[in-house]
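Peer 1: Below you'll find entry.txt; it's compact mmCIF, C-alpha atoms (C1' of nucleotides).
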```txt
# COMPACT_ATOMS: atom_id res chain seq x y z
CA MET F 1 71.68 82.89 117.64
CA ARG F 2 73.44 86.25 117.80
CA ILE F 3 76.87 85.18 118.95
CA SER F 4 79.71 87.58 119.69
CA ILE F 5 82.83 87.91 117.56
CA GLY F 6 84.83 86.04 120.22
CA GLU F 7 82.41 83.13 120.12
CA LEU F 8 82.52 83.12 116.33
CA ALA F 9 86.31 83.03 116.53
CA ARG F 10 86.17 80.09 118.94
CA ARG F 11 83.75 78.14 116.75
CA THR F 12 85.65 78.64 113.51
CA GLY F 13 89.25 78.84 114.62
CA VAL F 14 89.64 82.23 112.92
CA LYS F 15 91.13 84.96 115.07
CA VAL F 16 89.04 87.98 116.05
CA PRO F 17 91.09 90.61 114.17
CA THR F 18 91.07 88.37 111.10
CA ILE F 19 87.27 88.21 111.19
CA ARG F 20 87.13 92.00 111.25
CA TYR F 21 89.64 92.05 108.42
CA TYR F 22 87.47 89.69 106.35
CA GLU F 23 84.54 91.98 106.94
CA GLY F 24 86.63 94.93 105.81
CA VAL F 25 87.65 93.28 102.54
CA GLY F 26 84.11 92.15 101.85
CA LEU F 27 84.34 88.41 102.46
CA LEU F 28 81.88 88.67 105.31
CA PRO F 29 78.75 90.86 105.13
CA THR F 30 78.31 93.82 107.46
CA PRO F 31 77.04 92.10 110.58
CA ALA F 32 74.18 93.00 112.91
CA ARG F 33 75.15 95.14 115.89
CA THR F 34 74.04 95.52 119.48
CA GLU F 35 72.97 98.92 120.74
CA GLY F 36 76.52 99.41 121.93
CA ARG F 37 77.77 98.67 118.37
CA GLN F 38 79.22 95.24 119.10
CA ARG F 39 78.95 92.68 116.29
CA ARG F 40 76.52 89.80 116.53
CA PHE F 41 76.61 86.83 114.15
CA ASP F 42 74.32 83.95 113.30
CA ALA F 43 74.62 80.45 111.82
CA ASP F 44 75.01 81.70 108.24
CA GLU F 45 78.09 83.58 109.16
CA VAL F 46 79.58 80.61 110.98
CA ALA F 47 79.15 78.53 107.83
CA ARG F 48 80.49 81.29 105.60
CA LEU F 49 83.53 81.82 107.79
CA ASN F 50 84.24 78.09 107.87
CA PHE F 51 84.12 78.13 104.09
CA ILE F 52 86.56 81.02 104.01
CA ARG F 53 88.88 79.42 106.52
CA HIS F 54 89.07 76.15 104.68
CA SER F 55 89.55 77.89 101.36
CA ARG F 56 92.45 79.84 102.83
CA GLU F 57 93.91 76.63 104.27
CA LEU F 58 93.80 75.24 100.76
CA GLY F 59 95.72 78.27 99.59
CA PHE F 60 93.04 80.17 97.69
CA GLU F 61 93.56 83.91 97.57
CA VAL F 62 90.98 86.30 98.94
CA ALA F 63 89.95 87.30 95.39
CA ASP F 64 89.31 83.66 94.50
CA ILE F 65 87.35 83.12 97.68
CA ARG F 66 85.19 86.12 96.96
CA GLU F 67 84.32 84.57 93.62
CA LEU F 68 83.77 81.12 95.08
CA LEU F 69 81.42 82.58 97.68
CA THR F 70 79.45 84.43 95.02
CA LEU F 71 79.16 81.28 92.95
CA SER F 72 78.20 79.15 95.93
CA GLU F 73 75.23 81.45 96.45
CA GLN F 74 73.82 80.54 93.03
CA PRO F 75 73.03 76.83 93.49
CA GLU F 76 71.27 76.47 90.10
CA ARG F 77 74.27 77.56 88.18
CA SER F 78 76.69 75.16 86.51
CA CYS F 79 79.73 74.46 88.62
CA SER F 80 82.10 74.79 85.69
CA GLU F 81 83.39 78.14 86.90
CA VAL F 82 84.04 76.73 90.34
CA ASP F 83 85.94 73.88 88.75
CA ALA F 84 87.91 76.30 86.62
CA ILE F 85 89.02 78.27 89.67
CA ALA F 86 89.99 75.10 91.46
CA ARG F 87 91.85 73.68 88.48
CA ARG F 88 93.70 76.94 88.00
CA HIS F 89 94.69 76.75 91.62
CA VAL F 90 95.90 73.15 91.28
CA GLU F 91 98.08 74.20 88.37
CA ASN F 92 99.39 77.05 90.48
CA ILE F 93 100.24 74.64 93.28
CA ASP F 94 101.95 72.33 90.81
CA ARG F 95 104.17 75.14 89.62
CA ARG F 96 105.10 76.03 93.17
CA ILE F 97 105.85 72.42 94.03
CA GLY F 98 107.97 72.05 90.90
CA ARG F 99 109.94 75.13 91.75
CA LEU F 100 110.49 74.11 95.36
CA VAL F 101 111.61 70.62 94.34
CA ALA F 102 114.17 72.15 91.98
CA LEU F 103 115.45 74.54 94.65
CA ARG F 104 115.69 71.74 97.13
CA ALA F 105 117.69 69.60 94.70
CA GLU F 106 120.16 72.37 94.00
CA LEU F 107 120.68 73.12 97.67
CA GLN F 108 121.01 69.47 98.58
CA ARG F 109 123.54 68.96 95.80
CA ALA F 110 125.65 71.75 97.22
CA LEU F 111 125.33 70.38 100.74
CA ASP F 112 126.30 66.87 99.59
CA ARG F 113 129.43 68.14 97.93
CA CYS F 114 130.47 70.15 100.97
CA VAL F 115 133.49 68.61 102.68
CA ARG F 116 132.88 70.46 105.94
CA GLY F 117 136.06 72.47 105.71
CA THR F 118 136.43 76.22 105.74
CA VAL F 119 134.13 78.83 104.27
CA GLU F 120 136.73 79.39 101.58
CA GLU F 121 136.18 75.97 100.04
CA CYS F 122 132.47 75.78 100.93
CA ARG F 123 130.38 74.45 98.07
CA VAL F 124 127.23 76.10 99.35
CA ILE F 125 128.81 79.54 99.22
CA GLU F 126 130.25 78.73 95.83
CA VAL F 127 126.89 77.72 94.41
CA LEU F 128 125.29 80.86 95.77
CA GLY F 129 127.99 83.03 94.25
CA TYR F 130 127.69 81.64 90.77
CA GLY F 131 124.16 81.40 89.48
CA ASP F 132 123.29 78.72 86.93
CA ASP F 133 122.31 80.96 84.10
CA ARG F 134 124.67 83.90 84.44
CA VAL F 135 128.46 84.22 84.91
CA MET R 1 135.08 100.11 87.01
CA ARG R 2 132.51 102.53 88.41
CA ILE R 3 129.37 101.34 86.63
CA SER R 4 125.97 102.96 87.03
CA ILE R 5 123.03 101.37 88.80
CA GLY R 6 121.38 100.67 85.45
CA GLU R 7 124.46 98.86 84.20
CA LEU R 8 124.65 96.88 87.45
CA ALA R 9 121.00 95.95 86.96
CA ARG R 10 121.69 94.78 83.42
CA ARG R 11 124.67 92.69 84.49
CA THR R 12 122.97 90.95 87.39
CA GLY R 13 119.35 90.78 86.30
CA VAL R 14 118.26 92.61 89.45
CA LYS R 15 115.98 95.58 88.89
CA VAL R 16 117.16 99.07 89.72
CA PRO R 17 114.65 99.77 92.52
CA THR R 18 115.47 96.37 94.03
CA ILE R 19 119.16 97.25 94.14
CA ARG R 20 118.33 100.44 96.01
CA TYR R 21 116.11 98.40 98.29
CA TYR R 22 118.95 95.97 99.04
CA GLU R 23 121.17 98.90 99.89
CA GLY R 24 118.49 100.21 102.22
CA VAL R 25 118.16 96.93 104.12
CA GLY R 26 121.92 96.55 104.38
CA LEU R 27 122.59 93.72 101.93
CA LEU R 28 124.70 96.01 99.78
CA PRO R 29 127.19 98.51 101.26
CA THR R 30 126.71 102.24 100.80
CA PRO R 31 128.13 102.76 97.31
CA ALA R 32 130.47 105.41 95.96
CA ARG R 33 128.75 108.44 94.43
CA THR R 34 129.46 110.85 91.62
CA GLU R 35 129.53 114.56 92.32
CA GLY R 36 125.89 114.66 91.33
CA ARG R 37 125.12 111.92 93.91
CA GLN R 38 124.53 109.10 91.46
CA ARG R 39 125.67 105.65 92.58
CA ARG R 40 128.75 104.03 91.07
CA PHE R 41 129.58 100.34 91.61
CA ASP R 42 132.58 98.11 91.02
CA ALA R 43 133.28 94.40 90.49
CA ASP R 44 132.87 93.51 94.17
CA GLU R 45 129.35 94.74 94.12
CA VAL R 46 128.50 92.83 90.97
CA ALA R 47 129.67 89.63 92.65
CA ARG R 48 127.86 90.43 95.86
CA LEU R 49 124.62 91.20 94.06
CA ASN R 50 124.87 87.98 92.05
CA PHE R 51 125.27 86.13 95.32
CA ILE R 52 122.18 87.87 96.69
CA ARG R 53 120.16 87.24 93.57
CA HIS R 54 120.92 83.55 93.47
CA SER R 55 120.27 83.18 97.18
CA ARG R 56 116.88 84.82 96.72
CA GLU R 57 116.16 82.53 93.77
CA LEU R 58 116.87 79.62 96.08
CA GLY R 59 114.34 81.05 98.51
CA PHE R 60 116.60 82.33 101.28
CA GLU R 61 115.20 85.22 103.26
CA VAL R 62 117.01 88.52 103.46
CA ALA R 63 118.02 87.81 107.08
CA ASP R 64 119.60 84.50 106.03
CA ILE R 65 121.40 86.17 103.15
CA ARG R 66 122.79 88.82 105.44
CA GLU R 67 124.27 86.06 107.58
CA LEU R 68 125.55 84.09 104.60
CA LEU R 69 127.26 87.21 103.26
CA THR R 70 128.90 87.87 106.60
CA LEU R 71 130.12 84.29 106.80
CA SER R 72 131.36 84.31 103.22
CA GLU R 73 133.61 87.20 104.14
CA GLN R 74 135.45 85.06 106.70
CA PRO R 75 137.11 82.43 104.48
CA GLU R 76 139.16 80.85 107.31
CA ARG R 77 136.12 80.01 109.33
CA SER R 78 134.51 76.58 109.37
CA CYS R 79 131.60 76.33 107.01
CA SER R 80 129.44 74.51 109.54
CA GLU R 81 127.29 77.58 110.12
CA VAL R 82 126.74 78.00 106.41
CA ASP R 83 125.73 74.38 106.21
CA ALA R 84 123.39 74.79 109.14
CA ILE R 85 121.59 77.69 107.47
CA ALA R 86 121.30 75.75 104.24
CA ARG R 87 120.06 72.60 105.98
CA ARG R 88 117.52 74.59 107.93
CA HIS R 89 116.33 76.02 104.65
CA VAL R 90 116.07 72.58 103.03
CA GLU R 91 113.91 71.43 105.93
CA ASN R 92 111.81 74.52 105.47
CA ILE R 93 111.36 73.76 101.79
CA ASP R 94 110.45 70.17 102.63
CA ARG R 95 107.71 71.32 104.93
CA ARG R 96 106.34 73.64 102.27
CA ILE R 97 106.43 70.91 99.64
CA GLY R 98 104.68 68.51 102.00
CA ARG R 99 101.98 71.00 102.70
CA LEU R 100 101.43 71.86 99.04
CA VAL R 101 101.28 68.19 98.06
CA ALA R 102 98.59 67.62 100.68
CA LEU R 103 96.58 70.64 99.51
CA ARG R 104 96.86 69.53 95.94
CA ALA R 105 95.63 66.05 96.80
CA GLU R 106 92.60 67.37 98.63
CA LEU R 107 91.68 69.72 95.81
CA GLN R 108 92.20 67.10 93.16
CA ARG R 109 90.06 64.63 95.11
CA ALA R 110 87.23 67.16 95.16
CA LEU R 111 87.65 67.87 91.44
CA ASP R 112 87.68 64.18 90.60
CA ARG R 113 84.42 63.62 92.43
CA CYS R 114 82.75 66.56 90.76
CA VAL R 115 80.09 65.42 88.30
CA ARG R 116 80.03 68.75 86.48
CA GLY R 117 76.47 69.52 87.42
CA THR R 118 75.17 72.54 89.29
CA VAL R 119 76.84 74.50 92.05
CA GLU R 120 74.33 72.95 94.43
CA GLU R 121 75.84 69.49 94.07
CA CYS R 122 79.41 70.69 93.49
CA ARG R 123 81.94 68.67 95.44
CA VAL R 124 84.49 71.44 95.41
CA ILE R 125 82.10 73.83 97.13
CA GLU R 126 81.13 71.06 99.53
CA VAL R 127 84.71 70.35 100.48
CA LEU R 128 85.40 74.03 101.03
CA GLY R 129 82.35 74.38 103.24
CA TYR R 130 83.22 71.54 105.54
CA GLY R 131 86.77 71.56 106.80
CA ASP R 132 88.45 68.26 107.71
CA ASP R 133 89.02 68.95 111.33
CA ARG R 134 85.98 70.96 112.29
CA VAL R 135 82.21 70.49 111.77
C1' DC I 1 129.45 125.08 74.78
C1' DC I 2 124.67 123.99 74.53
C1' DT I 3 120.72 121.34 74.20
C1' DA I 4 117.89 117.30 74.55
C1' DC I 5 116.61 113.45 76.76
C1' DA I 6 117.48 109.13 79.02
C1' DA I 7 118.84 107.81 83.38
C1' DT I 8 119.10 108.65 88.03
C1' DC I 9 117.75 110.71 92.36
C1' DT I 10 114.58 110.82 96.81
C1' DC I 11 110.32 110.13 98.77
C1' DT I 12 105.87 108.23 99.45
C1' DA I 13 102.50 104.81 98.87
C1' DG I 14 100.80 100.31 97.51
C1' DC I 15 100.73 95.13 97.33
C1' DC I 16 98.92 90.66 100.26
C1' DA I 17 96.90 88.75 104.29
C1' DC I 18 97.24 89.57 108.29
C1' DT I 19 99.02 90.96 113.23
C1' DA I 20 99.94 94.11 117.12
C1' DG I 21 99.02 97.81 119.98
C1' DA I 22 96.87 102.13 121.92
C1' DG I 23 93.19 103.98 124.09
C1' DC I 24 88.49 103.84 124.56
C1' DT I 25 83.58 101.61 125.41
C1' DT I 26 80.34 97.82 126.34
C1' DC I 27 78.63 93.57 128.17
C1' DA I 28 77.54 90.36 131.72
C1' DA I 29 78.34 88.12 136.13
C1' DG I 30 78.17 88.73 140.99
C1' DC Y 1 76.54 98.91 140.83
C1' DT Y 2 81.02 97.43 140.24
C1' DT Y 3 84.46 95.03 137.97
C1' DG Y 4 87.05 93.09 134.39
C1' DA Y 5 86.97 90.53 130.18
C1' DA Y 6 85.77 91.37 125.76
C1' DG Y 7 84.69 94.44 122.40
C1' DC Y 8 85.39 98.77 119.60
C1' DT Y 9 88.18 101.88 116.00
C1' DC Y 10 92.25 103.41 114.25
C1' DT Y 11 97.02 103.31 112.97
C1' DA Y 12 101.15 101.06 111.91
C1' DG Y 13 104.10 97.08 110.99
C1' DT Y 14 105.45 92.60 108.54
C1' DG Y 15 108.46 90.93 103.84
C1' DG Y 16 110.20 91.87 99.59
C1' DC Y 17 109.60 94.31 96.69
C1' DT Y 18 107.03 97.61 92.86
C1' DA Y 19 105.09 101.97 91.07
C1' DG Y 20 104.83 106.69 90.55
C1' DA Y 21 105.74 111.79 91.23
C1' DG Y 22 108.64 115.34 90.53
C1' DA Y 23 113.30 116.99 90.61
C1' DT Y 24 118.25 116.46 89.11
C1' DT Y 25 122.29 114.55 86.53
C1' DG Y 26 124.97 112.43 82.86
C1' DT Y 27 126.14 112.18 78.17
C1' DA Y 28 125.87 112.25 73.14
C1' DG Y 29 125.15 115.02 69.14
C1' DG Y 30 125.29 119.42 67.00
```
As structure tokens, please, write out the structure in this file.

Peer 2:
Amino acid sequence: MRISIGELARRTGVKVPTIRYYEGVGLLPTPARTEGRQRRFDADEVARLNFIRHSRELGFEVADIRELLTLSEQPERSCSEVDAIARRHVENIDRRIGRLVALRAELQRALDRCVRGTVEECRVIEVLGYGDDRV
Amino acid sequence: MRISIGELARRTGVKVPTIRYYEGVGLLPTPARTEGRQRRFDADEVARLNFIRHSRELGFEVADIRELLTLSEQPERSCSEVDAIARRHVENIDRRIGRLVALRAELQRALDRCVRGTVEECRVIEVLGYGDDRV
DNA sequence: CCTACAATCTCTAGCCACTAGAGCTTCAAG
DNA sequence: CTTGAAGCTCTAGTGGCTAGAGATTGTAGG
């Protein structure tokens, strides 16, 4: 196969510098090189990079992906660790959603109460100035 | 008043290095100094830092906060610009929530289908390997 | 007034996951 | 054999802090 980094980028939708970055942080193995030291990849690396890309799209961190890749290379093993990582991540997402929903509500409340007058009487500014917990 | 940076930190819940950082990026004005060059703050700065802290808690970026602070100093002005920044931010939050909800659904779907067997037959790994759009 | 020590000072570097750019070399088509 | 796109390495920048080194200052107790 031996495709170039540009071709790999085209096939996976991952940008060229990002591929090199993934290699640098150990998500992708050190690739084969031409005599002129250009990288050449094969089908394995396309699959691996697709895995990485989709994991990133789902919000997994690089450290998690490293672990998921290691686990995915041991097909005999129980998938309980994989599940644990994924469940941890779902909980993480839930926390972020919860937080964002709360922020949104507070902001919207301030916007709703705003009478569109001057800055002086602006509810948004007021809310920002006086936190919930303090003052 | 002339409180120290540590006292300001205690009163606002913003860490000392973060206060210095805010000064560096222009959110806080250059403060008064003692003879020995230690910072001294007054009530204005407590209020301003509370404003910054709460804005950050609501997810505004530093650039937005800079603008909000500038606007809040012009009380006569219409608050339409303030509202615009806040509405833009709400839309931003909505997009992030939407995205996270979608991610969560996809992950949960994979977890639900997982039969808790080996990595080989793991649905989570499978989903990660084959993106929705590609392959 | 002196000492001890907590607090403060400046400066640099690190975090995450990339992204951008400089300046050079290599590959492949014509 | 020439040309030019694509590749190479290396450094630095992004945002919003955080951590640490090593020096100085403020202040309370004696």

Peer 1: With all atoms listed in the file as the counted atoms, please give the residues lying no more than 12 Å from DT2 of chain Y, apart from itself and same-chain residues fewer than 6 positions off, as a list in words.

Peer 2: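 Returned residues: DA28, DA29 and DG30 of chain I.
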
Peer 1: Specify as a list in words all residues of chain R found within 9 Å of chain I, counting all atoms listed in the file.

Peer 2: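 Taking all atoms listed in the file into account, Ser4, Ile5, Gly6, Arg37, Gln38 and Arg39 of chain R sit within 9 Å of chain I.
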
Peer 1: Would you list the contacts of segment 89-101 of chain R as an MDAnalysis selection string, taking every protein, DNA or RNA residue within 10 Å and counting only C-alpha atoms (C1' of nucleotides), but skipping same-chain residues closer than 3 positions in sequence?

Peer 2: (chainID F and resid 57:59 90 93:94 96:101 103:108 111) or (chainID R and resid 58:61 64 83:86 104:107)

Peer 1: Return the neighbours of chain F among the residues of chain R, cut-off 6 Å, counting only C-alpha atoms, as a PyMOL selection string.

Peer 2: chain R and resi 51+54-55+58+75-79+90+97+103-104+117-120+128-129+131

Peer 1: Give me the chain R side of the contact with chain Y, cut-off 8 Å, one line per residue showing its nearest atom pair and distance in Å at one decimal, counting only C-alpha atoms (C1' of nucleotides), sorted by chain and residue number, as a tab-separated table.

Peer 2:
```
residue	atom	partner	partner_atom	distance
R:Pro17	CA	Y:DT18	C1'	7.9
R:Thr18	CA	Y:DC17	C1'	6.8
R:Tyr21	CA	Y:DC17	C1'	7.9
R:Gly36	CA	Y:DT25	C1'	6.0
R:Gln38	CA	Y:DT25	C1'	7.7
```

Peer 1: Go ahead and write the selection's residues with C-alpha atoms as a PDB file, in the coordinates of the input.

Peer 2:
```pdb
ATOM      1  CA  PRO R  17     114.650  99.770  92.520  1.00  0.00           C
ATOM      2  CA  THR R  18     115.470  96.370  94.030  1.00  0.00           C
ATOM      3  CA  TYR R  21     116.110  98.400  98.290  1.00  0.00           C
ATOM      4  CA  GLY R  36     125.890 114.660  91.330  1.00  0.00           C
ATOM      5  CA  GLN R  38     124.530 109.100  91.460  1.00  0.00           C
TER       6      GLN R  38
END
```

Peer 1: Got a sec: who's within 8 Å of Ile3 of chain F, counting only C-alpha atoms (C1' of nucleotides), leaving out chain neighbours fewer than 2 positions off, as a VMD selection string?

Peer 2: chain F and resid 1 5 7 to 8 40 to 42

Peer 1: What is the atom CA of Val14 of chain R-atom CA of Glu35 of chain R distance in Å, reported with one decimal?

Peer 2: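 Answer for the atom CA of Val14 of chain R to atom CA of Glu35 of chain R separation: 24.8 Å.
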
Peer 1: Please report the interatomic distance between atom CA of Leu27 of chain R and atom CA of Val62 of chain R in Å with one decimal.

Peer 2: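 Here the two named atoms are 7.8 Å from each other.
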
Peer 1: Rounded to one decimal in Å, what is the spacing between atom CA of Arg66 of chain R and atom CA of Gly24 of chain R?

Peer 2: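 Separation between atom CA of Arg66 of chain R and atom CA of Gly24 of chain R: 12.6 Å.
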